[in-house]
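Peer 1: My file is final-v6.cif. It has mmCIF, C-alpha atoms:
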data_structure
#
loop_
_atom_site.group_PDB
_atom_site.id
_atom_site.type_symbol
_atom_site.label_atom_id
_atom_site.label_comp_id
_atom_site.auth_asym_id
_atom_site.auth_seq_id
_atom_site.Cartn_x
_atom_site.Cartn_y
_atom_site.Cartn_z
ATOM 1 C CA MET A 24 68.755 41.781 -54.393
ATOM 2 C CA THR A 25 65.994 42.624 -52.010
ATOM 3 C CA GLY A 26 66.451 43.400 -48.364
ATOM 4 C CA GLU A 27 64.804 40.070 -47.536
ATOM 5 C CA GLN A 28 67.163 37.894 -49.546
ATOM 6 C CA PRO A 29 70.069 37.880 -47.068
ATOM 7 C CA LEU A 30 67.608 37.057 -44.311
ATOM 8 C CA ASP A 31 66.179 34.217 -46.418
ATOM 9 C CA GLU A 32 69.710 32.930 -47.000
ATOM 10 C CA GLU A 33 70.405 33.004 -43.271
ATOM 11 C CA LEU A 34 67.148 31.183 -42.516
ATOM 12 C CA VAL A 35 67.912 28.550 -45.155
ATOM 13 C CA ARG A 36 71.361 28.025 -43.639
ATOM 14 C CA ARG A 37 69.788 27.607 -40.191
ATOM 15 C CA VAL A 38 67.246 25.087 -41.519
ATOM 16 C CA GLN A 39 70.046 23.140 -43.194
ATOM 17 C CA GLN A 40 71.729 23.002 -39.785
ATOM 18 C CA GLY A 41 68.592 21.525 -38.191
ATOM 19 C CA ASP A 42 66.687 24.622 -36.989
ATOM 20 C CA LYS A 43 63.051 23.777 -37.742
ATOM 21 C CA GLN A 44 61.795 27.104 -36.383
ATOM 22 C CA ALA A 45 63.725 28.914 -39.120
ATOM 23 C CA PHE A 46 61.631 27.065 -41.700
ATOM 24 C CA ASP A 47 58.462 28.167 -39.882
ATOM 25 C CA ILE A 48 59.553 31.771 -40.462
ATOM 26 C CA LEU A 49 60.024 31.090 -44.176
ATOM 27 C CA VAL A 50 56.591 29.454 -44.356
ATOM 28 C CA ARG A 51 54.925 32.414 -42.650
ATOM 29 C CA ARG A 52 56.757 34.812 -44.968
ATOM 30 C CA TYR A 53 55.685 33.094 -48.207
ATOM 31 C CA GLN A 54 52.545 31.108 -47.415
ATOM 32 C CA TYR A 55 50.156 33.752 -48.764
ATOM 33 C CA LYS A 56 52.103 34.271 -52.007
ATOM 34 C CA ILE A 57 52.356 30.534 -52.637
ATOM 35 C CA ALA A 58 48.679 29.953 -51.844
ATOM 36 C CA GLN A 59 47.682 32.745 -54.246
ATOM 37 C CA LEU A 60 49.961 31.339 -56.946
ATOM 38 C CA ILE A 61 48.506 27.842 -56.623
ATOM 39 C CA HIS A 62 44.969 29.226 -56.477
ATOM 40 C CA ARG A 63 45.468 30.411 -60.065
ATOM 41 C CA TYR A 64 45.876 26.766 -61.057
ATOM 42 C CA ILE A 65 43.412 25.179 -58.631
ATOM 43 C CA LYS A 66 40.207 27.131 -58.112
ATOM 44 C CA ASP A 67 38.953 25.308 -55.005
ATOM 45 C CA PRO A 68 40.438 27.265 -52.064
ATOM 46 C CA GLN A 69 40.769 24.264 -49.731
ATOM 47 C CA GLU A 70 42.371 22.128 -52.414
ATOM 48 C CA ALA A 71 44.738 24.995 -53.281
ATOM 49 C CA LEU A 72 45.743 25.277 -49.611
ATOM 50 C CA ASP A 73 46.404 21.530 -49.493
ATOM 51 C CA VAL A 74 48.647 21.776 -52.558
ATOM 52 C CA ALA A 75 50.409 24.806 -51.038
ATOM 53 C CA GLN A 76 51.064 22.769 -47.912
ATOM 54 C CA ASP A 77 52.412 19.913 -50.048
ATOM 55 C CA SER A 78 54.700 22.426 -51.757
ATOM 56 C CA PHE A 79 56.156 23.537 -48.434
ATOM 57 C CA ILE A 80 56.625 19.910 -47.346
ATOM 58 C CA LYS A 81 58.500 19.170 -50.582
ATOM 59 C CA ALA A 82 60.583 22.306 -50.126
ATOM 60 C CA TYR A 83 61.454 21.328 -46.550
ATOM 61 C CA ARG A 84 62.529 17.855 -47.640
ATOM 62 C CA ALA A 85 64.583 19.280 -50.530
ATOM 63 C CA LEU A 86 66.150 22.125 -48.538
ATOM 64 C CA PRO A 87 69.290 20.158 -47.630
ATOM 65 C CA SER A 88 70.157 20.129 -51.332
ATOM 66 C CA PHE A 89 69.345 23.836 -51.893
ATOM 67 C CA ARG A 90 72.575 25.411 -53.149
ATOM 68 C CA GLY A 91 71.512 29.055 -53.222
ATOM 69 C CA GLU A 92 72.040 29.445 -56.974
ATOM 70 C CA SER A 93 68.727 31.304 -57.077
ATOM 71 C CA ALA A 94 66.742 33.234 -54.502
ATOM 72 C CA PHE A 95 64.853 31.060 -52.031
ATOM 73 C CA TYR A 96 61.487 32.364 -53.267
ATOM 74 C CA THR A 97 62.368 31.594 -56.891
ATOM 75 C CA TRP A 98 63.263 28.041 -55.867
ATOM 76 C CA LEU A 99 60.078 27.712 -53.786
ATOM 77 C CA TYR A 100 58.025 29.145 -56.674
ATOM 78 C CA ARG A 101 59.317 26.411 -58.994
ATOM 79 C CA ILE A 102 58.435 23.727 -56.453
ATOM 80 C CA ALA A 103 54.922 25.161 -56.022
ATOM 81 C CA ILE A 104 54.264 25.331 -59.772
ATOM 82 C CA ASN A 105 55.491 21.773 -60.281
ATOM 83 C CA THR A 106 53.423 20.527 -57.332
ATOM 84 C CA ALA A 107 50.290 22.196 -58.733
ATOM 85 C CA LYS A 108 50.898 20.774 -62.205
ATOM 86 C CA ASN A 109 51.499 17.300 -60.786
ATOM 87 C CA HIS A 110 48.362 17.544 -58.661
ATOM 88 C CA ILE A 111 46.241 18.461 -61.667
ATOM 89 C CA ALA A 112 47.813 15.761 -63.819
ATOM 90 C CA MET A 113 47.190 13.076 -61.197
ATOM 91 C CA ARG A 114 43.521 13.933 -60.652
ATOM 92 C CA ALA A 115 41.573 11.060 -62.130
ATOM 93 C CA ARG A 116 38.241 12.831 -62.151
ATOM 94 C CA ARG A 117 37.234 15.545 -64.561
ATOM 95 C CA PRO A 118 37.543 19.058 -63.091
ATOM 96 C CA SER A 119 34.319 20.651 -61.931
ATOM 97 C CA GLU A 120 33.046 23.914 -63.403
ATOM 98 C CA ASP A 121 34.580 25.795 -60.482
ATOM 99 C CA GLU A 122 38.074 24.602 -61.266
ATOM 100 C CA ILE A 123 40.474 26.021 -63.773
ATOM 101 C CA ASN A 124 42.836 23.980 -65.922
ATOM 102 C CA LEU A 125 46.467 24.881 -66.525
ATOM 103 C CA ASP A 126 45.788 26.602 -69.854
ATOM 104 C CA GLU A 127 43.012 28.677 -68.307
ATOM 105 C CA ALA A 128 45.104 29.443 -65.222
ATOM 106 C CA GLU A 129 47.365 31.707 -67.207
ATOM 107 C CA GLN A 130 44.333 33.827 -68.098
ATOM 108 C CA PHE A 131 42.621 33.734 -64.709
ATOM 109 C CA GLU A 132 43.898 37.061 -63.438
ATOM 110 C CA SER A 133 43.453 38.984 -66.683
ATOM 111 C CA GLY A 134 40.060 37.375 -67.287
ATOM 112 C CA ALA A 135 38.792 38.785 -64.004
ATOM 113 C CA ARG A 136 39.880 42.260 -65.087
ATOM 114 C CA LEU A 137 38.180 41.876 -68.479
ATOM 115 C CA LYS A 138 34.780 41.131 -66.928
ATOM 116 C CA ASN A 139 34.456 44.400 -65.018
ATOM 117 C CA ASN A 140 32.305 45.939 -67.777
ATOM 118 C CA GLU A 141 28.711 45.239 -66.724
ATOM 119 C CA THR A 142 26.786 46.129 -69.894
ATOM 120 C CA PRO A 143 25.611 43.198 -72.056
ATOM 121 C CA GLU A 144 27.678 44.476 -74.965
ATOM 122 C CA GLY A 145 30.691 44.954 -72.730
ATOM 123 C CA LEU A 146 30.340 41.475 -71.295
ATOM 124 C CA LEU A 147 30.076 39.983 -74.770
ATOM 125 C CA LEU A 148 33.155 41.886 -75.938
ATOM 126 C CA SER A 149 35.042 40.874 -72.803
ATOM 127 C CA ASP A 150 34.166 37.224 -73.345
ATOM 128 C CA GLU A 151 35.263 37.400 -76.984
ATOM 129 C CA LEU A 152 38.520 39.077 -76.025
ATOM 130 C CA ALA A 153 39.189 36.544 -73.259
ATOM 131 C CA ARG A 154 38.576 33.659 -75.684
ATOM 132 C CA ALA A 155 40.844 35.265 -78.278
ATOM 133 C CA ILE A 156 43.636 35.739 -75.741
ATOM 134 C CA GLN A 157 43.212 32.164 -74.523
ATOM 135 C CA ILE A 158 43.436 30.840 -78.082
ATOM 136 C CA ALA A 159 46.530 32.942 -78.745
ATOM 137 C CA LEU A 160 48.215 31.734 -75.550
ATOM 138 C CA ASP A 161 47.285 28.105 -76.220
ATOM 139 C CA GLU A 162 49.021 28.264 -79.580
ATOM 140 C CA LEU A 163 52.293 29.591 -78.173
ATOM 141 C CA PRO A 164 55.175 27.173 -77.686
ATOM 142 C CA GLU A 165 55.602 26.220 -74.022
ATOM 143 C CA GLU A 166 58.730 28.346 -73.453
ATOM 144 C CA LEU A 167 57.028 31.477 -74.819
ATOM 145 C CA ARG A 168 53.820 30.841 -72.847
ATOM 146 C CA THR A 169 55.780 30.315 -69.638
ATOM 147 C CA ALA A 170 57.911 33.446 -70.098
ATOM 148 C CA ILE A 171 54.959 35.735 -70.870
ATOM 149 C CA SER A 172 52.891 34.261 -68.023
ATOM 150 C CA LEU A 173 55.652 34.729 -65.478
ATOM 151 C CA ARG A 174 56.101 38.332 -66.593
ATOM 152 C CA GLU A 175 52.505 39.441 -67.085
ATOM 153 C CA PHE A 176 50.585 37.373 -64.546
ATOM 154 C CA GLU A 177 53.170 36.753 -61.837
ATOM 155 C CA GLY A 178 54.994 40.075 -62.158
ATOM 156 C CA LEU A 179 58.449 38.518 -62.053
ATOM 157 C CA SER A 180 61.446 40.503 -63.267
ATOM 158 C CA TYR A 181 63.417 39.359 -66.292
ATOM 159 C CA GLU A 182 66.188 38.182 -63.944
ATOM 160 C CA GLU A 183 63.750 36.138 -61.843
ATOM 161 C CA ILE A 184 62.233 34.595 -64.970
ATOM 162 C CA ALA A 185 65.725 33.697 -66.176
ATOM 163 C CA GLN A 186 66.318 31.874 -62.891
ATOM 164 C CA VAL A 187 62.987 30.046 -63.030
ATOM 165 C CA MET A 188 63.487 29.022 -66.660
ATOM 166 C CA ASN A 189 67.238 28.347 -66.328
ATOM 167 C CA CYS A 190 68.195 30.528 -69.287
ATOM 168 C CA PRO A 191 69.974 33.854 -69.913
ATOM 169 C CA VAL A 192 68.101 37.144 -69.411
ATOM 170 C CA GLY A 193 68.500 37.893 -73.133
ATOM 171 C CA THR A 194 66.641 34.698 -73.963
ATOM 172 C CA VAL A 195 63.828 35.716 -71.590
ATOM 173 C CA ARG A 196 63.546 39.125 -73.286
ATOM 174 C CA SER A 197 63.438 37.460 -76.696
ATOM 175 C CA ARG A 198 60.795 34.943 -75.623
ATOM 176 C CA ILE A 199 58.568 37.632 -74.122
ATOM 177 C CA PHE A 200 58.935 39.797 -77.225
ATOM 178 C CA ARG A 201 58.087 36.860 -79.512
ATOM 179 C CA ALA A 202 55.121 35.892 -77.318
ATOM 180 C CA ARG A 203 53.702 39.424 -77.352
ATOM 181 C CA GLU A 204 54.193 39.656 -81.093
ATOM 182 C CA ALA A 205 52.440 36.317 -81.695
ATOM 183 C CA ILE A 206 49.532 37.254 -79.401
ATOM 184 C CA ASP A 207 49.122 40.640 -81.113
ATOM 185 C CA LYS A 208 49.006 38.986 -84.544
ATOM 186 C CA LYS A 209 46.517 36.362 -83.395
ATOM 187 C CA LEU A 210 44.264 38.956 -81.754
ATOM 188 C CA ALA A 211 44.323 41.066 -84.908
ATOM 189 C CA LEU A 212 43.200 38.036 -86.931
ATOM 190 C CA LEU A 213 40.548 36.883 -84.454
ATOM 191 C CA LEU A 214 39.063 40.291 -83.679
ATOM 192 C CA GLY A 215 39.469 41.865 -87.097
#
Could I get this structure in the form of structure tokens?

Peer 2:
Amino acid sequence: MTGEQPLDEELVRRVQQGDKQAFDILVRRYQYKIAQLIHRYIKDPQEALDVAQDSFIKAYRALPSFRGESAFYTWLYRIAINTAKNHIAMRARRPSEDEINLDEAEQFESGARLKNNETPEGLLLSDELARAIQIALDELPEELRTAISLREFEGLSYEEIAQVMNCPVGTVRSRIFRAREAIDKKLALLLG
């Protein structure tokens, strides 16, 4: 438990009792984290902010049914991810070059790190590696891809991932291990 969790619980209780200002505190506390999370799925900053706002609206409407079985942020995180996925799924137009699809979103953060090498050879190698990682991730079953993404790209603990995925911590550890193993094998095949 973090030092913030009891405060979050108190704020949630106050919101459930009708205190709208308590929700404003929660929004201010997590708005940057949620906006950054959604920005990994939706490249356009304004569109990402709109989806973040929608996520907070959905959370506010659902807060009366929040039972506290997970941390508030874990619950809010799930709402934000689902809102982003729904937003992308409902878009009728094809994404522009500036946008990132859900499969690419999982690689967005690591892809930026891979492109720091400015030599032509380094850039080529980085692009090849990024494509190989993307292919390996795309081929993972959904539960493995989600577990490894939450751990590696979102930095969640095994316990937090277990809450998000509604499974035991041991299952999370197994999924992450299997995902890493599958990615390593695929990279070895693709990169020789």

Peer 1: Which residue is closest to Ala205 in chain A? Choose from A:Ala159, A:Leu173, A:Met113, A:Val187 and count all atoms listed in the file.

Peer 2: A:Ala159

Peer 1: What gap, in Å, lies between CA of Arg37 in chain A and CA of Asp73 in chain A?

Peer 2: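 Taking CA of Arg37 in chain A and CA of Asp73 in chain A, their separation equals 25.9 Å.
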
Peer 1: Between CA of Tyr53 in chain A and CA of Lys66 in chain A, what distance in Å does the model show, to one decimal?

Peer 2: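 One can read the CA of Tyr53 in chain A to CA of Lys66 in chain A distance as 19.3 Å.
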
Peer 1: Taking only C-alpha atoms into account, name the residue in A:Met188, A:Leu34, A:Ala85, A:Leu160 that is nearest to Arg101 in chain A.

Peer 2: A:Met188

Peer 1: Quick one: pull the distance between CA of Pro87 in chain A and CA of Phe46 in chain A, Å, one decimal.

Peer 2: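 If I compute the distance from CA of Pro87 in chain A to CA of Phe46 in chain A, I get 11.9 Å.
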
Peer 1: Can you turn the PyMOL selection byres ((chain A and resi 80) around 12) into a concrete residue list for this file, as a list in words?

Peer 2: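 Here the PyMOL selection byres ((chain A and resi 80) around 12) matches Phe46, Asp47, Val50, Gln54, Asp73, Val74, Ala75, Gln76, Asp77, Ser78, Phe79, Lys81, Ala82, Tyr83, Arg84, Ala85, Leu86, Leu99, Ile102, Ala103 and Thr106 of chain A.
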
Peer 1: Export, as a short mmCIF file (atom, residue, chain, number, x, y, z; two decimals), keeping the file's coordinate frame, the selected residues with C-alpha atoms.

Peer 2:
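Saved result, result08.cif, follows:
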data_model
loop_
_atom_site.label_atom_id
_atom_site.label_comp_id
_atom_site.auth_asym_id
_atom_site.auth_seq_id
_atom_site.Cartn_x
_atom_site.Cartn_y
_atom_site.Cartn_z
CA PHE A 46 61.63 27.06 -41.70
CA ASP A 47 58.46 28.17 -39.88
CA VAL A 50 56.59 29.45 -44.36
CA GLN A 54 52.54 31.11 -47.42
CA ASP A 73 46.40 21.53 -49.49
CA VAL A 74 48.65 21.78 -52.56
CA ALA A 75 50.41 24.81 -51.04
CA GLN A 76 51.06 22.77 -47.91
CA ASP A 77 52.41 19.91 -50.05
CA SER A 78 54.70 22.43 -51.76
CA PHE A 79 56.16 23.54 -48.43
CA LYS A 81 58.50 19.17 -50.58
CA ALA A 82 60.58 22.31 -50.13
CA TYR A 83 61.45 21.33 -46.55
CA ARG A 84 62.53 17.86 -47.64
CA ALA A 85 64.58 19.28 -50.53
CA LEU A 86 66.15 22.12 -48.54
CA LEU A 99 60.08 27.71 -53.79
CA ILE A 102 58.44 23.73 -56.45
CA ALA A 103 54.92 25.16 -56.02
CA THR A 106 53.42 20.53 -57.33
#

Peer 1: Using the chain letters and numbering of this document, enumerate as number ranges by chain the residues selected by the PyMOL selection byres ((chain A and resi 195) around 12).

Peer 2: A: 166-174, 179-194, 196-202

Peer 1: Might I get the box with edges along x, y and z of the file that holds all atoms of range 162-177 of chain A listed there, padded by 4 Å on every side, given as centre and edge lengths in Å to one decimal, as JSON?

Peer 2:
{"center_x": 53.9, "center_y": 32.8, "center_z": -70.7, "size_x": 17.7, "size_y": 21.2, "size_z": 25.7}

Peer 1: Select, from A:Glu32, A:Ile65, A:Leu60, A:Gln40, the residue with the minimum atom-to-atom distance to Gly178 in chain A, counting all atoms listed in the file.

Peer 2: A:Leu60

Peer 1: Applying 9 Å and all atoms listed in the file, which residues near Phe95 in chain A remain after dropping the ones on its own chain fewer than 3 positions away? List them as a list in words.

Peer 2: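 Those residues are Gln28, Asp31, Glu32, Val35, Phe89, Gly91, Glu92, Trp98, Leu99 and Tyr100 of chain A.
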
Peer 1: Got a minute to add N, CA, C and O atoms to range 54-72 of chain A and dump it as a PDB file, keeping the file's coordinate frame?

Peer 2:
ATOM      1  N   GLN A  54      53.732  31.948 -47.278  1.00  0.00           N
ATOM      2  CA  GLN A  54      52.545  31.108 -47.415  1.00  0.00           C
ATOM      3  C   GLN A  54      51.436  31.788 -48.213  1.00  0.00           C
ATOM      4  O   GLN A  54      50.766  31.139 -49.030  1.00  0.00           O
ATOM      5  N   TYR A  55      51.217  33.073 -48.032  1.00  0.00           N
ATOM      6  CA  TYR A  55      50.156  33.752 -48.764  1.00  0.00           C
ATOM      7  C   TYR A  55      50.477  33.814 -50.258  1.00  0.00           C
ATOM      8  O   TYR A  55      49.625  33.520 -51.094  1.00  0.00           O
ATOM      9  N   LYS A  56      51.706  34.176 -50.595  1.00  0.00           N
ATOM     10  CA  LYS A  56      52.103  34.271 -52.007  1.00  0.00           C
ATOM     11  C   LYS A  56      51.974  32.917 -52.702  1.00  0.00           C
ATOM     12  O   LYS A  56      51.484  32.835 -53.829  1.00  0.00           O
ATOM     13  N   ILE A  57      52.417  31.872 -52.043  1.00  0.00           N
ATOM     14  CA  ILE A  57      52.356  30.534 -52.637  1.00  0.00           C
ATOM     15  C   ILE A  57      50.909  30.077 -52.767  1.00  0.00           C
ATOM     16  O   ILE A  57      50.517  29.512 -53.796  1.00  0.00           O
ATOM     17  N   ALA A  58      50.091  30.337 -51.767  1.00  0.00           N
ATOM     18  CA  ALA A  58      48.679  29.953 -51.844  1.00  0.00           C
ATOM     19  C   ALA A  58      47.985  30.693 -52.987  1.00  0.00           C
ATOM     20  O   ALA A  58      47.199  30.096 -53.733  1.00  0.00           O
ATOM     21  N   GLN A  59      48.282  31.973 -53.153  1.00  0.00           N
ATOM     22  CA  GLN A  59      47.682  32.745 -54.246  1.00  0.00           C
ATOM     23  C   GLN A  59      48.151  32.214 -55.600  1.00  0.00           C
ATOM     24  O   GLN A  59      47.362  32.123 -56.540  1.00  0.00           O
ATOM     25  N   LEU A  60      49.416  31.888 -55.706  1.00  0.00           N
ATOM     26  CA  LEU A  60      49.961  31.339 -56.946  1.00  0.00           C
ATOM     27  C   LEU A  60      49.240  30.040 -57.305  1.00  0.00           C
ATOM     28  O   LEU A  60      48.783  29.867 -58.434  1.00  0.00           O
ATOM     29  N   ILE A  61      49.128  29.142 -56.368  1.00  0.00           N
ATOM     30  CA  ILE A  61      48.506  27.842 -56.623  1.00  0.00           C
ATOM     31  C   ILE A  61      47.016  28.006 -56.901  1.00  0.00           C
ATOM     32  O   ILE A  61      46.447  27.285 -57.719  1.00  0.00           O
ATOM     33  N   HIS A  62      46.401  28.994 -56.261  1.00  0.00           N
ATOM     34  CA  HIS A  62      44.969  29.226 -56.477  1.00  0.00           C
ATOM     35  C   HIS A  62      44.680  29.610 -57.928  1.00  0.00           C
ATOM     36  O   HIS A  62      43.581  29.411 -58.416  1.00  0.00           O
ATOM     37  N   ARG A  63      45.657  30.106 -58.641  1.00  0.00           N
ATOM     38  CA  ARG A  63      45.468  30.411 -60.065  1.00  0.00           C
ATOM     39  C   ARG A  63      45.365  29.127 -60.884  1.00  0.00           C
ATOM     40  O   ARG A  63      44.804  29.126 -61.966  1.00  0.00           O
ATOM     41  N   TYR A  64      45.922  28.056 -60.376  1.00  0.00           N
ATOM     42  CA  TYR A  64      45.876  26.766 -61.057  1.00  0.00           C
ATOM     43  C   TYR A  64      44.724  25.915 -60.554  1.00  0.00           C
ATOM     44  O   TYR A  64      44.142  25.145 -61.306  1.00  0.00           O
ATOM     45  N   ILE A  65      44.423  26.021 -59.270  1.00  0.00           N
ATOM     46  CA  ILE A  65      43.412  25.179 -58.631  1.00  0.00           C
ATOM     47  C   ILE A  65      42.407  26.104 -57.967  1.00  0.00           C
ATOM     48  O   ILE A  65      42.717  26.756 -56.981  1.00  0.00           O
ATOM     49  N   LYS A  66      41.216  26.155 -58.530  1.00  0.00           N
ATOM     50  CA  LYS A  66      40.207  27.131 -58.112  1.00  0.00           C
ATOM     51  C   LYS A  66      39.692  26.880 -56.706  1.00  0.00           C
ATOM     52  O   LYS A  66      39.467  27.820 -55.955  1.00  0.00           O
ATOM     53  N   ASP A  67      39.490  25.625 -56.327  1.00  0.00           N
ATOM     54  CA  ASP A  67      38.953  25.308 -55.005  1.00  0.00           C
ATOM     55  C   ASP A  67      39.931  25.771 -53.925  1.00  0.00           C
ATOM     56  O   ASP A  67      41.067  25.289 -53.868  1.00  0.00           O
ATOM     57  N   PRO A  68      39.507  26.699 -53.051  1.00  0.00           N
ATOM     58  CA  PRO A  68      40.438  27.265 -52.064  1.00  0.00           C
ATOM     59  C   PRO A  68      41.050  26.221 -51.130  1.00  0.00           C
ATOM     60  O   PRO A  68      42.242  26.277 -50.842  1.00  0.00           O
ATOM     61  N   GLN A  69      40.240  25.272 -50.652  1.00  0.00           N
ATOM     62  CA  GLN A  69      40.769  24.264 -49.731  1.00  0.00           C
ATOM     63  C   GLN A  69      41.778  23.361 -50.428  1.00  0.00           C
ATOM     64  O   GLN A  69      42.823  23.038 -49.874  1.00  0.00           O
ATOM     65  N   GLU A  70      41.452  22.970 -51.648  1.00  0.00           N
ATOM     66  CA  GLU A  70      42.371  22.128 -52.414  1.00  0.00           C
ATOM     67  C   GLU A  70      43.670  22.887 -52.710  1.00  0.00           C
ATOM     68  O   GLU A  70      44.764  22.332 -52.619  1.00  0.00           O
ATOM     69  N   ALA A  71      43.553  24.172 -53.025  1.00  0.00           N
ATOM     70  CA  ALA A  71      44.738  24.995 -53.281  1.00  0.00           C
ATOM     71  C   ALA A  71      45.611  25.088 -52.023  1.00  0.00           C
ATOM     72  O   ALA A  71      46.845  25.013 -52.112  1.00  0.00           O
ATOM     73  N   LEU A  72      44.981  25.224 -50.865  1.00  0.00           N
ATOM     74  CA  LEU A  72      45.743  25.277 -49.611  1.00  0.00           C
ATOM     75  C   LEU A  72      46.454  23.947 -49.343  1.00  0.00           C
ATOM     76  O   LEU A  72      47.594  23.929 -48.859  1.00  0.00           O
TER      77      LEU A  72
END
